[in-house]
Each structure stands twice: as structure tokens, then as C-alpha cells.
>>> print(open('input.pdb').read())   # PDB, C-alpha atoms and all ligand atoms
ATOM      1  CA  MET W   1     -30.623  -7.057   0.451
ATOM      2  CA  ASN W   2     -32.664  -7.130   3.567
ATOM      3  CA  PHE W   3     -30.013  -6.684   6.152
ATOM      4  CA  GLY W   4     -32.308  -5.563   8.943
ATOM      5  CA  ARG W   5     -31.464  -3.119  11.668
ATOM      6  CA  ALA W   6     -29.775  -5.072  14.434
ATOM      7  CA  PRO W   7     -26.700  -3.690  16.168
ATOM      8  CA  CYS W   8     -23.186  -4.481  15.089
ATOM      9  CA  ILE W   9     -22.448  -8.185  14.878
ATOM     10  CA  ILE W  10     -18.801  -8.179  14.095
ATOM     11  CA  SER W  11     -16.609  -5.218  13.569
ATOM     12  CA  ARG W  12     -12.969  -4.890  12.784
ATOM     13  CA  THR W  13     -13.469  -1.171  12.742
ATOM     14  CA  PHE W  14     -11.653  -0.456  15.949
ATOM     15  CA  ARG W  15      -8.472  -2.038  14.757
ATOM     16  CA  LEU W  16      -8.609   0.375  11.856
ATOM     17  CA  LEU W  17      -9.493   3.272  14.096
ATOM     18  CA  GLY W  18      -6.534   2.362  16.254
ATOM     19  CA  ASN W  19      -4.249   2.951  13.281
ATOM     20  CA  ALA W  20      -5.945   6.112  12.244
ATOM     21  CA  GLN W  21      -4.048   8.642  14.279
ATOM     22  CA  LEU W  22      -1.317   9.059  11.726
ATOM     23  CA  VAL W  23      -3.599   8.578   8.775
ATOM     24  CA  SER W  24      -5.378  11.506   7.288
ATOM     25  CA  GLY W  25      -8.875  11.117   8.639
ATOM     26  CA  SER W  26     -10.625  14.448   8.221
ATOM     27  CA  THR W  27     -10.587  15.108  11.953
ATOM     28  CA  TRP W  28      -7.927  12.972  13.555
ATOM     29  CA  GLY W  29      -5.400  13.680  10.850
ATOM     30  CA  ARG W  30      -5.118  17.252  12.126
ATOM     31  CA  PHE W  31      -3.736  16.151  15.458
ATOM     32  CA  PRO W  32      -0.225  14.756  15.404
ATOM     33  CA  SER W  33       0.640  11.976  17.802
ATOM     34  CA  THR W  34       2.972  12.508  20.754
ATOM     35  CA  SER W  35       5.839  10.927  18.837
ATOM     36  CA  VAL W  36       5.332  13.361  15.977
ATOM     37  CA  ILE W  37       5.283  16.351  18.340
ATOM     38  CA  MET W  38       8.483  15.076  19.952
ATOM     39  CA  ALA W  39      10.021  14.624  16.522
ATOM     40  CA  ARG W  40       9.306  18.289  15.792
ATOM     41  CA  ARG W  41      10.846  19.430  19.095
ATOM     42  CA  THR W  42      13.931  17.286  18.797
ATOM     43  CA  GLY W  43      14.487  18.193  15.177
ATOM     44  CA  LYS W  44      13.991  14.686  13.936
ATOM     45  CA  ILE W  45      12.559  15.871  10.662
ATOM     46  CA  ARG W  46      12.142  12.386   9.319
ATOM     47  CA  GLY W  47       9.301  11.716  11.760
ATOM     48  CA  TYR W  48       7.560  14.933  10.826
ATOM     49  CA  SER W  49       7.880  14.384   7.094
ATOM     50  CA  ASP W  50       6.550  10.883   7.582
ATOM     51  CA  PHE W  51       3.595  12.408   9.383
ATOM     52  CA  CYS W  52       2.958  14.868   6.544
ATOM     53  CA  ARG W  53       3.098  12.098   4.006
ATOM     54  CA  GLU W  54       0.729   9.960   6.060
ATOM     55  CA  ARG W  55      -1.672  12.892   6.449
ATOM     56  CA  ASN W  56      -1.967  13.210   2.706
ATOM     57  CA  ARG W  57      -2.741   9.591   2.051
ATOM     58  CA  LEU W  58      -6.118   8.981   0.493
ATOM     59  CA  ARG W  59      -8.158   6.344   2.268
ATOM     60  CA  VAL W  60     -10.678   4.618   0.016
ATOM     61  CA  LEU W  61     -13.462   2.404   1.364
ATOM     62  CA  LEU W  62     -15.108   0.010  -1.071
ATOM     63  CA  ASP W  63     -18.436  -1.578  -0.321
ATOM     64  CA  MET W  64     -18.690  -5.245  -1.300
ATOM     65  CA  ASP W  65     -22.203  -6.236  -2.442
ATOM     66  CA  MET W  66     -23.085  -4.538  -5.744
ATOM     67  CA  VAL W  67     -19.733  -2.715  -5.829
ATOM     68  CA  LEU W  68     -17.307  -5.644  -5.990
ATOM     69  CA  ALA W  69     -19.701  -8.620  -5.947
ATOM     70  CA  ASP W  70     -22.917  -8.954  -7.953
ATOM     71  CA  PHE W  71     -25.513  -9.734  -5.309
ATOM     72  CA  GLU W  72     -28.542  -8.893  -7.463
ATOM     73  CA  GLU W  73     -27.677 -11.043 -10.463
ATOM     74  CA  HIS W  74     -26.808 -14.017  -8.282
ATOM     75  CA  PHE W  75     -29.966 -13.586  -6.247
ATOM     76  CA  LEU W  76     -32.175 -13.620  -9.329
ATOM     77  CA  THR W  77     -30.454 -16.710 -10.741
ATOM     78  CA  LYS W  78     -30.809 -18.651  -7.500
ATOM     79  CA  TYR W  79     -34.341 -17.434  -6.848
ATOM     80  CA  ARG W  80     -35.595 -18.533 -10.260
ATOM     81  CA  GLU W  81     -33.845 -21.900  -9.931
ATOM     82  CA  THR W  82     -35.369 -22.477  -6.496
ATOM     83  CA  TYR W  83     -38.835 -21.054  -7.135
ATOM     84  CA  PRO W  84     -39.423 -21.420 -10.908
ATOM     85  CA  ASP W  85     -43.163 -20.779 -10.615
ATOM     86  CA  ALA W  86     -42.981 -17.756  -8.333
ATOM     87  CA  PRO W  87     -43.215 -14.192  -9.668
ATOM     88  CA  TYR W  88     -39.950 -12.329  -9.877
ATOM     89  CA  VAL W  89     -38.593  -8.851 -10.618
ATOM     90  CA  LYS W  90     -36.359  -8.377 -13.644
ATOM     91  CA  ALA W  91     -33.165  -6.387 -13.113
ATOM     92  CA  GLU W  92     -34.496  -3.524 -15.238
ATOM     93  CA  ASP W  93     -37.585  -3.318 -13.003
ATOM     94  CA  ARG W  94     -35.738  -3.246  -9.698
ATOM     95  CA  ASP W  95     -36.473  -0.125  -7.731
ATOM     96  CA  GLY W  96     -35.370   0.526  -4.167
ATOM     97  CA  PHE W  97     -32.499  -0.860  -2.121
ATOM     98  CA  TRP W  98     -34.408  -3.477  -0.180
ATOM     99  CA  LEU W  99     -35.053  -6.473  -2.394
ATOM    100  CA  ARG W 100     -37.394  -8.015   0.136
ATOM    101  CA  ASP W 101     -39.606  -4.928   0.195
ATOM    102  CA  GLN W 102     -40.148  -4.913  -3.559
ATOM    103  CA  TYR W 103     -41.072  -8.602  -3.619
ATOM    104  CA  GLU W 104     -43.346  -8.196  -0.641
ATOM    105  CA  LYS W 105     -45.364  -5.630  -2.575
ATOM    106  CA  ILE W 106     -46.064  -8.285  -5.219
ATOM    107  CA  SER W 107     -47.163 -10.822  -2.620
ATOM    108  CA  PRO W 108     -46.536 -10.940   1.140
ATOM    109  CA  ASN W 109     -45.511 -14.600   0.998
ATOM    110  CA  LEU W 110     -42.561 -13.821  -1.286
ATOM    111  CA  LYS W 111     -40.665 -12.161   1.543
ATOM    112  CA  ASP W 112     -39.650 -15.491   3.096
ATOM    113  CA  LYS W 113     -38.702 -16.937  -0.272
ATOM    114  CA  VAL W 114     -36.438 -13.967  -0.954
ATOM    115  CA  GLN W 115     -34.712 -14.263   2.408
ATOM    116  CA  SER W 116     -34.235 -18.000   2.016
ATOM    117  CA  ILE W 117     -32.082 -17.376  -1.044
ATOM    118  CA  TYR W 118     -29.493 -15.026   0.396
ATOM    119  CA  GLU W 119     -29.428 -16.647   3.807
ATOM    120  CA  ALA W 120     -28.505 -19.996   2.267
ATOM    121  CA  GLU W 121     -25.052 -21.513   2.579
ATOM    122  CA  PHE W 122     -22.663 -20.608  -0.243
ATOM    123  CA  PHE W 123     -24.766 -17.686  -1.492
ATOM    124  CA  PHE W 124     -22.151 -15.072  -0.575
ATOM    125  CA  ARG W 125     -19.197 -17.311  -1.387
ATOM    126  CA  ASP W 126     -20.439 -17.812  -4.939
ATOM    127  CA  LEU W 127     -21.264 -14.215  -5.867
ATOM    128  CA  PRO W 128     -19.910 -13.253  -9.299
ATOM    129  CA  GLU W 129     -17.668 -10.222  -9.702
ATOM    130  CA  ILE W 130     -18.951  -6.839 -10.829
ATOM    131  CA  PRO W 131     -17.236  -6.272 -14.200
ATOM    132  CA  GLY W 132     -13.890  -4.536 -13.812
ATOM    133  CA  ALA W 133     -14.141  -4.305 -10.021
ATOM    134  CA  ILE W 134     -11.285  -6.599  -9.123
ATOM    135  CA  GLU W 135      -8.917  -5.030 -11.626
ATOM    136  CA  ALA W 136      -9.839  -1.543 -10.366
ATOM    137  CA  ALA W 137      -9.423  -2.538  -6.716
ATOM    138  CA  GLN W 138      -5.997  -4.007  -7.419
ATOM    139  CA  GLU W 139      -4.994  -0.859  -9.270
ATOM    140  CA  ILE W 140      -6.202   1.384  -6.437
ATOM    141  CA  ASN W 141      -4.185  -0.746  -4.032
ATOM    142  CA  LYS W 142      -1.043  -0.061  -6.025
ATOM    143  CA  MET W 143      -1.604   3.699  -6.308
ATOM    144  CA  GLU W 144       0.867   5.917  -4.536
ATOM    145  CA  ASP W 145      -0.302   7.398  -1.216
ATOM    146  CA  VAL W 146      -3.581   5.506  -1.255
ATOM    147  CA  ASP W 147      -4.920   3.033   1.292
ATOM    148  CA  VAL W 148      -7.883   0.937   0.262
ATOM    149  CA  PHE W 149     -10.177  -1.150   2.438
ATOM    150  CA  ILE W 150     -13.329  -3.153   1.848
ATOM    151  CA  CYS W 151     -16.127  -1.934   4.105
ATOM    152  CA  THR W 152     -19.145  -4.216   4.119
ATOM    153  CA  SER W 153     -22.223  -4.875   6.238
ATOM    154  CA  PRO W 154     -23.165  -8.466   7.044
ATOM    155  CA  LEU W 155     -26.653  -9.885   7.184
ATOM    156  CA  VAL W 156     -28.179 -10.030  10.626
ATOM    157  CA  GLN W 157     -28.506 -13.739   9.898
ATOM    158  CA  TYR W 158     -24.723 -13.970   9.793
ATOM    159  CA  LYS W 159     -24.242 -17.740  10.019
ATOM    160  CA  TYR W 160     -22.820 -18.096   6.511
ATOM    161  CA  CYS W 161     -22.527 -14.512   5.349
ATOM    162  CA  VAL W 162     -19.578 -13.320   7.446
ATOM    163  CA  LYS W 163     -17.395 -16.371   6.857
ATOM    164  CA  GLU W 164     -18.207 -16.391   3.163
ATOM    165  CA  LYS W 165     -17.328 -12.729   2.750
ATOM    166  CA  PHE W 166     -13.818 -13.581   3.951
ATOM    167  CA  GLU W 167     -13.713 -16.531   1.565
ATOM    168  CA  TRP W 168     -14.852 -14.382  -1.364
ATOM    169  CA  VAL W 169     -12.219 -11.776  -0.689
ATOM    170  CA  GLU W 170      -9.466 -14.361  -0.423
ATOM    171  CA  GLN W 171     -10.605 -16.129  -3.581
ATOM    172  CA  HIS W 172     -11.038 -13.031  -5.753
ATOM    173  CA  LEU W 173      -8.440 -10.632  -4.354
ATOM    174  CA  GLY W 174      -5.991 -12.760  -2.373
ATOM    175  CA  MET W 175      -4.968 -13.184   1.251
ATOM    176  CA  GLU W 176      -3.471  -9.697   1.415
ATOM    177  CA  TRP W 177      -6.996  -8.303   1.098
ATOM    178  CA  VAL W 178      -8.339 -10.312   4.009
ATOM    179  CA  GLU W 179      -6.376  -7.804   6.111
ATOM    180  CA  LYS W 180      -8.317  -5.022   4.404
ATOM    181  CA  LEU W 181     -11.778  -6.353   5.154
ATOM    182  CA  ILE W 182     -13.874  -4.300   7.585
ATOM    183  CA  ILE W 183     -17.164  -5.991   8.446
ATOM    184  CA  THR W 184     -19.454  -3.698  10.358
ATOM    185  CA  ARG W 185     -23.140  -2.916  10.736
ATOM    186  CA  ASP W 186     -22.288   0.788  11.072
ATOM    187  CA  LYS W 187     -20.130   2.221   8.305
ATOM    188  CA  THR W 188     -20.455   5.746   9.689
ATOM    189  CA  MET W 189     -18.001   4.739  12.422
ATOM    190  CA  VAL W 190     -15.258   3.932   9.926
ATOM    191  CA  GLN W 191     -12.678   6.556   9.020
ATOM    192  CA  GLY W 192     -12.007   7.263   5.353
ATOM    193  CA  HIS W 193     -12.106   9.955   2.688
ATOM    194  CA  VAL W 194     -14.477   8.240   0.298
ATOM    195  CA  LEU W 195     -16.917   5.361   0.584
ATOM    196  CA  ILE W 196     -18.049   3.900  -2.723
ATOM    197  CA  ASP W 197     -21.335   2.181  -1.942
ATOM    198  CA  ASP W 198     -24.522   1.340  -3.851
ATOM    199  CA  LYS W 199     -26.810   1.988  -0.885
ATOM    200  CA  PRO W 200     -28.297   5.459  -1.424
ATOM    201  CA  LYS W 201     -28.803   6.238   2.266
ATOM    202  CA  ILE W 202     -26.211   5.040   4.729
ATOM    203  CA  LYS W 203     -27.361   5.382   8.294
ATOM    204  CA  GLY W 204     -25.443   4.905  11.496
ATOM    205  CA  LYS W 205     -24.497   6.224  14.876
ATOM    206  CA  VAL W 206     -22.545   9.197  13.549
ATOM    207  CA  ILE W 207     -25.377  10.443  11.345
ATOM    208  CA  CYS W 208     -27.959   9.818  14.059
ATOM    209  CA  CYS W 209     -25.964  12.136  16.324
ATOM    210  CA  LEU W 210     -26.338  14.971  13.804
ATOM    211  CA  SER W 211     -22.709  14.717  12.863
ATOM    212  CA  ILE W 212     -21.308  13.607   9.541
ATOM    213  CA  PRO W 213     -19.142  10.637   8.658
ATOM    214  CA  SER W 214     -15.503  11.253   7.816
ATOM    215  CA  TRP W 215     -16.040   9.982   4.262
ATOM    216  CA  LYS W 216     -17.781  11.347   1.232
ATOM    217  CA  HIS W 217     -20.323   8.905  -0.104
ATOM    218  CA  VAL W 218     -20.101   8.131  -3.807
ATOM    219  CA  VAL W 219     -23.111   6.140  -4.974
ATOM    220  CA  PHE W 220     -22.162   3.184  -7.127
ATOM    221  CA  THR W 221     -24.879   2.727  -9.710
ATOM    222  CA  ALA W 222     -26.806  -0.540  -9.434
ATOM    223  CA  CYS W 223     -30.080  -1.815 -10.884
ATOM    224  CA  HIS W 224     -31.967  -0.863  -7.706
ATOM    225  CA  ASN W 225     -30.742   2.760  -7.468
ATOM    226  CA  ARG W 226     -30.768   3.953 -11.084
ATOM    227  CA  ARG W 227     -33.958   5.920 -10.503
ATOM    228  CA  THR W 228     -33.157   6.971  -6.945
ATOM    229  CA  ASN W 229     -32.608  10.634  -6.128
ATOM    230  CA  ILE W 230     -29.148  10.751  -4.586
ATOM    231  CA  HIS W 231     -29.447  14.409  -3.571
ATOM    232  CA  GLY W 232     -26.424  15.857  -5.280
ATOM    233  CA  ARG W 233     -23.950  13.166  -4.352
ATOM    234  CA  ARG W 234     -21.623  11.851  -7.011
ATOM    235  CA  ARG W 235     -22.206   8.615  -8.817
ATOM    236  CA  LEU W 236     -19.789   6.075 -10.138
ATOM    237  CA  ASP W 237     -21.566   4.123 -12.858
ATOM    238  CA  ASN W 238     -19.108   1.289 -13.416
ATOM    239  CA  TRP W 239     -15.519   0.124 -13.025
ATOM    240  CA  THR W 240     -14.919  -0.363 -16.709
ATOM    241  CA  ASP W 241     -14.778   3.098 -18.304
ATOM    242  CA  GLY W 242     -11.893   4.341 -16.154
ATOM    243  CA  SER W 243     -13.847   7.294 -14.720
ATOM    244  CA  TRP W 244     -13.056   6.080 -11.202
ATOM    245  CA  ARG W 245      -9.483   7.342 -11.627
ATOM    246  CA  ASN W 246     -10.629  10.940 -12.128
ATOM    247  CA  LEU W 247     -13.070  10.569  -9.266
ATOM    248  CA  LEU W 248     -10.335   9.537  -6.820
ATOM    249  CA  GLU W 249      -8.018  12.278  -8.024
ATOM    250  CA  ASP W 250     -10.762  14.876  -7.476
ATOM    251  CA  ILE W 251     -11.355  13.600  -3.975
ATOM    252  CA  ARG W 252      -7.637  13.591  -3.239
ATOM    253  CA  LYS W 253      -7.483  17.332  -4.062
ATOM    254  CA  HIS W 254      -9.870  18.041  -1.211
ATOM    255  CA  ILE W 255      -8.387  15.996   1.618
TER
HETATM  256 MG    MG J 301     -23.714  -2.781  -1.293
END
>>> encode(input="input.pdb", output="C-alpha cells")
Amino acid sequence: MNFGRAPCIISRTFRLLGNAQLVSGSTWGRFPSTSVIMARRTGKIRGYSDFCRERNRLRVLLDMDMVLADFEEHFLTKYRETYPDAPYVKAEDRDGFWLRDQYEKISPNLKDKVQSIYEAEFFFRDLPEIPGAIEAAQEINKMEDVDVFICTSPLVQYKYCVKEKFEWVEQHLGMEWVEKLIITRDKTMVQGHVLIDDKPKIKGKVICCLSIPSWKHVVFTACHNRRTNIHGRRRLDNWTDGSWRNLLEDIRKHI
């Protein structure tokens, strides 16, 4: 997944940030809005209790590629179909987040072949689901006092990728989830309590400024990160054994 390092292409982040004042972001959630302060002063308890309830809502951010959608499996299928005589890396031999880098070590001319696969039209639209991901996402969406969003980074070569991410979400989760899709090159700018993401190191403006993102990063296990040192962060290995429920409950205790 060679997404490069260009600045943000498209970001719906600020719409989300605009709503965040009454939602329990780790920083902003401590500061009630003017209407809430007025509700306290005028004795309109309903506004204040609404604020308390909103403060305690758990905001979950789900990455898309390799958390909901199986980028690696689809890549390998398409790559082998397109370049049947070229060397390839089996899933069990994947090591390191950047697919392009691992292929380039085999032969420098493989880099362009790799990119040609995931930059092609329909690649992102046709990604298969990670087992259990859609069912888990739908269940999280129905949980009490939980808000869930998809937080995904597009390719720099965004011609097909961005549009097809919307299409994938609509097709697999429904139109309601299109409203929950945050496409940004900098996930550190997004407010949340937990980000479930397969990328072991998530960089961005917030981290560069020696601050920390609002969310805790849970590393979703994928073929490329099984051997990666994740420096004490928690892992979520799959969506199928139900362990994600305990994980979210643990995180909720600390918001
Ligand atoms: Mg990912």
C-alpha cells in the first residue's frame, strides 16, 4: 500500500471536528459549549444531562484497507493475473507495511508493476471483505452510546481510489455509512477514542508537533504486520472471535 507522502487530498475531517464540541473527544469534551453553560445557569437540566451523555459516548474510528476490506489478498490475485511470470510475495512472507518496498527489494522494476495494480480502475471498488468485519461494524453502530466512523487514507493517485471507497462503503455497509466516511491523508487530525488500523506507525501533523492524537491506536493484525514490533500497543487479531467487544468495553472505561 504505497500511499506516498503528499498532503491531504480530500478531507471530511473538519465536518466531523465541527460536531465534536459536544462529543467526548479527550480534550474538547471537557469544555462545554455556550448553550450547555447557559443550560446550567438557567436550570435547564435537560441540556446538561444531554451534555453528560454526549461526553460519555465512545467514538470508534475504523480504518478501511486491511481492517474492513482485504487489500492484500485482492492485490495478490490481480498481480498474479496481470503478471503471471513475475516474482511475487506470498501472504505468509509479507513483511512491512509498504507493499511496494518489499517487491522493490526483489527487483527494482517490480515497483511499477505493483503500483499499476492498485492504481487501476475498480481495484478499490472490488476489494473483498475482511471476514466478520461488516457484521462487527454494524453491531458497533447499534451499540448504545457509541459513534463509529470509517477513517481511511486515499492513494496520492486518487483518480479511482476516492470514488471507489465511497462505492465500496455504500455497497457493503449501505448509504447510511457514506455519512460516516472520513477520507483524509492525516488521521492524527481526527478526533476519536480509538482508531483500529493495521498500519503500525501512523504519522501526521499532531504527532509531528510532539503532541499525541486524541485516539488510542489498536493495531489490527494483517499479513504485513504480524512480525512487527508494535511497542506495547494493543492488537486486534480478527473480527470473528468476538474479542473486539471486550476491547471496546475496556477503552470505554477509560474515556
Ligand atoms: Mg489500512
>>> residues_near_ligand(input="input.pdb", ligand="ligand MG 301 (chain J)", cutoff="7 Å", atoms="only C-alpha atoms and all ligand atoms", output="PyMOL selection string")
chain W and resi 63-67+197-199
>>> residues_near_point(input="input.pdb", point="(-28.4, -0.5, -7.0)", cutoff="7 Å", atoms="only C-alpha atoms", output="list in words")
Met66, Phe97, Asp198, Lys199, Thr221, Ala222, Cys223, His224, Asn225 and Arg226 of chain W
>>> closest_residue(input="input.pdb", among="W:Asp250, W:Glu139, W:Ile106, W:Leu195", to="Pro213 (chain W)", atoms="only C-alpha atoms")
W:Leu195
>>> closest_residue(input="input.pdb", among="W:Asn229, W:Asn246, W:Thr152, W:Ser116", to="Val169 (chain W)", atoms="all atoms listed in the file")
W:Thr152
>>> closest_residue(input="input.pdb", among="W:Lys90, W:Lys78, W:Arg125, W:Arg252", to="Lys113 (chain W)", atoms="all atoms listed in the file")
W:Lys78
>>> residues_around(input="input.pdb", residues="Phe166 (chain W)", least_positions_apart="2", cutoff="12 Å", atoms="all atoms listed in the file", output="list in words")
Met64, Phe124, Arg125, Asp126, Ile150, Cys151, Thr152, Pro154, Tyr160, Cys161, Val162, Lys163, Glu164, Trp168, Val169, Glu170, Gln171, His172, Leu173, Gly174, Met175, Glu176, Trp177, Val178, Glu179, Lys180, Leu181, Ile182 and Ile183 of chain W
>>> closest_residue(input="input.pdb", among="W:His254, W:His217, W:Lys201, W:Lys165", to="Arg234 (chain W)", atoms="only C-alpha atoms")
W:His217
>>> closest_residue(input="input.pdb", among="W:Pro87, W:Val148, W:Ile134, W:Asn141", to="Pro108 (chain W)", atoms="only C-alpha atoms")
W:Pro87
>>> residues_around(input="input.pdb", residues="Ile212 (chain W)", least_positions_apart="5", cutoff="10 Å", atoms="all atoms listed in the file", output="tab-separated table (two decimals) with C-alpha atoms, keeping the file's coordinate frame")
chain	number	residue	atom	x	y	z
W	188	THR	CA	-20.45	5.75	9.69
W	189	MET	CA	-18.00	4.74	12.42
W	204	GLY	CA	-25.44	4.90	11.50
W	205	LYS	CA	-24.50	6.22	14.88
W	206	VAL	CA	-22.54	9.20	13.55
W	207	ILE	CA	-25.38	10.44	11.34
>>> resolve_selection(input="input.pdb", expression="the PyMOL selection byres (((chain W and resi 236) around 7) and not hetatm)", output="PDB file with C-alpha atoms, in the frame of the given file")
ATOM      1  CA  VAL W 218     -20.101   8.131  -3.807  1.00  0.00           C
ATOM      2  CA  VAL W 219     -23.111   6.140  -4.974  1.00  0.00           C
ATOM      3  CA  PHE W 220     -22.162   3.184  -7.127  1.00  0.00           C
ATOM      4  CA  THR W 221     -24.879   2.727  -9.710  1.00  0.00           C
ATOM      5  CA  ARG W 234     -21.623  11.851  -7.011  1.00  0.00           C
ATOM      6  CA  ARG W 235     -22.206   8.615  -8.817  1.00  0.00           C
ATOM      7  CA  ASP W 237     -21.566   4.123 -12.858  1.00  0.00           C
ATOM      8  CA  ASN W 238     -19.108   1.289 -13.416  1.00  0.00           C
ATOM      9  CA  TRP W 244     -13.056   6.080 -11.202  1.00  0.00           C
TER      10      TRP W 244
END
>>> resolve_selection(input="input.pdb", expression="the PyMOL selection byres (((chain W and resi 111) around 12) and not hetatm)", output="PyMOL selection string")
chain W and resi 1-2+79+86-88+98-110+112-118
>>> write_last_selection(input="input.pdb", atoms="C-alpha atoms", output="short mmCIF file (atom, residue, chain, number, x, y, z; two decimals), keeping the file's coordinate frame")
data_model
loop_
_atom_site.label_atom_id
_atom_site.label_comp_id
_atom_site.auth_asym_id
_atom_site.auth_seq_id
_atom_site.Cartn_x
_atom_site.Cartn_y
_atom_site.Cartn_z
CA MET W 1 -30.62 -7.06 0.45
CA ASN W 2 -32.66 -7.13 3.57
CA TYR W 79 -34.34 -17.43 -6.85
CA ALA W 86 -42.98 -17.76 -8.33
CA PRO W 87 -43.22 -14.19 -9.67
CA TYR W 88 -39.95 -12.33 -9.88
CA TRP W 98 -34.41 -3.48 -0.18
CA LEU W 99 -35.05 -6.47 -2.39
CA ARG W 100 -37.39 -8.02 0.14
CA ASP W 101 -39.61 -4.93 0.20
CA GLN W 102 -40.15 -4.91 -3.56
CA TYR W 103 -41.07 -8.60 -3.62
CA GLU W 104 -43.35 -8.20 -0.64
CA LYS W 105 -45.36 -5.63 -2.58
CA ILE W 106 -46.06 -8.28 -5.22
CA SER W 107 -47.16 -10.82 -2.62
CA PRO W 108 -46.54 -10.94 1.14
CA ASN W 109 -45.51 -14.60 1.00
CA LEU W 110 -42.56 -13.82 -1.29
CA ASP W 112 -39.65 -15.49 3.10
CA LYS W 113 -38.70 -16.94 -0.27
CA VAL W 114 -36.44 -13.97 -0.95
CA GLN W 115 -34.71 -14.26 2.41
CA SER W 116 -34.24 -18.00 2.02
CA ILE W 117 -32.08 -17.38 -1.04
CA TYR W 118 -29.49 -15.03 0.40
#
>>> closest_residue(input="input.pdb", among="W:Ile202, W:Val156, W:Ala133, W:Ile251", to="Leu62 (chain W)", atoms="only C-alpha atoms")
W:Ala133
>>> axis_aligned_box(input="input.pdb", around="region 142-152 of chain W", padding_each_side="6 Å", output="JSON")
{"center_x": -9.1, "center_y": 1.6, "center_z": -1.1, "size_x": 32.0, "size_y": 23.6, "size_z": 22.4}
>>> atom_distance(input="input.pdb", atom1="CA of Asp186 (chain W)", atom2="CA of Phe71 (chain W)")
19.7 Å
>>> atom_distance(input="input.pdb", atom1="CA of Leu248 (chain W)", atom2="CA of Pro200 (chain W)")
19.2 Å
>>> atom_distance(input="input.pdb", atom1="CA of Thr184 (chain W)", atom2="CA of Val89 (chain W)")
28.9 Å
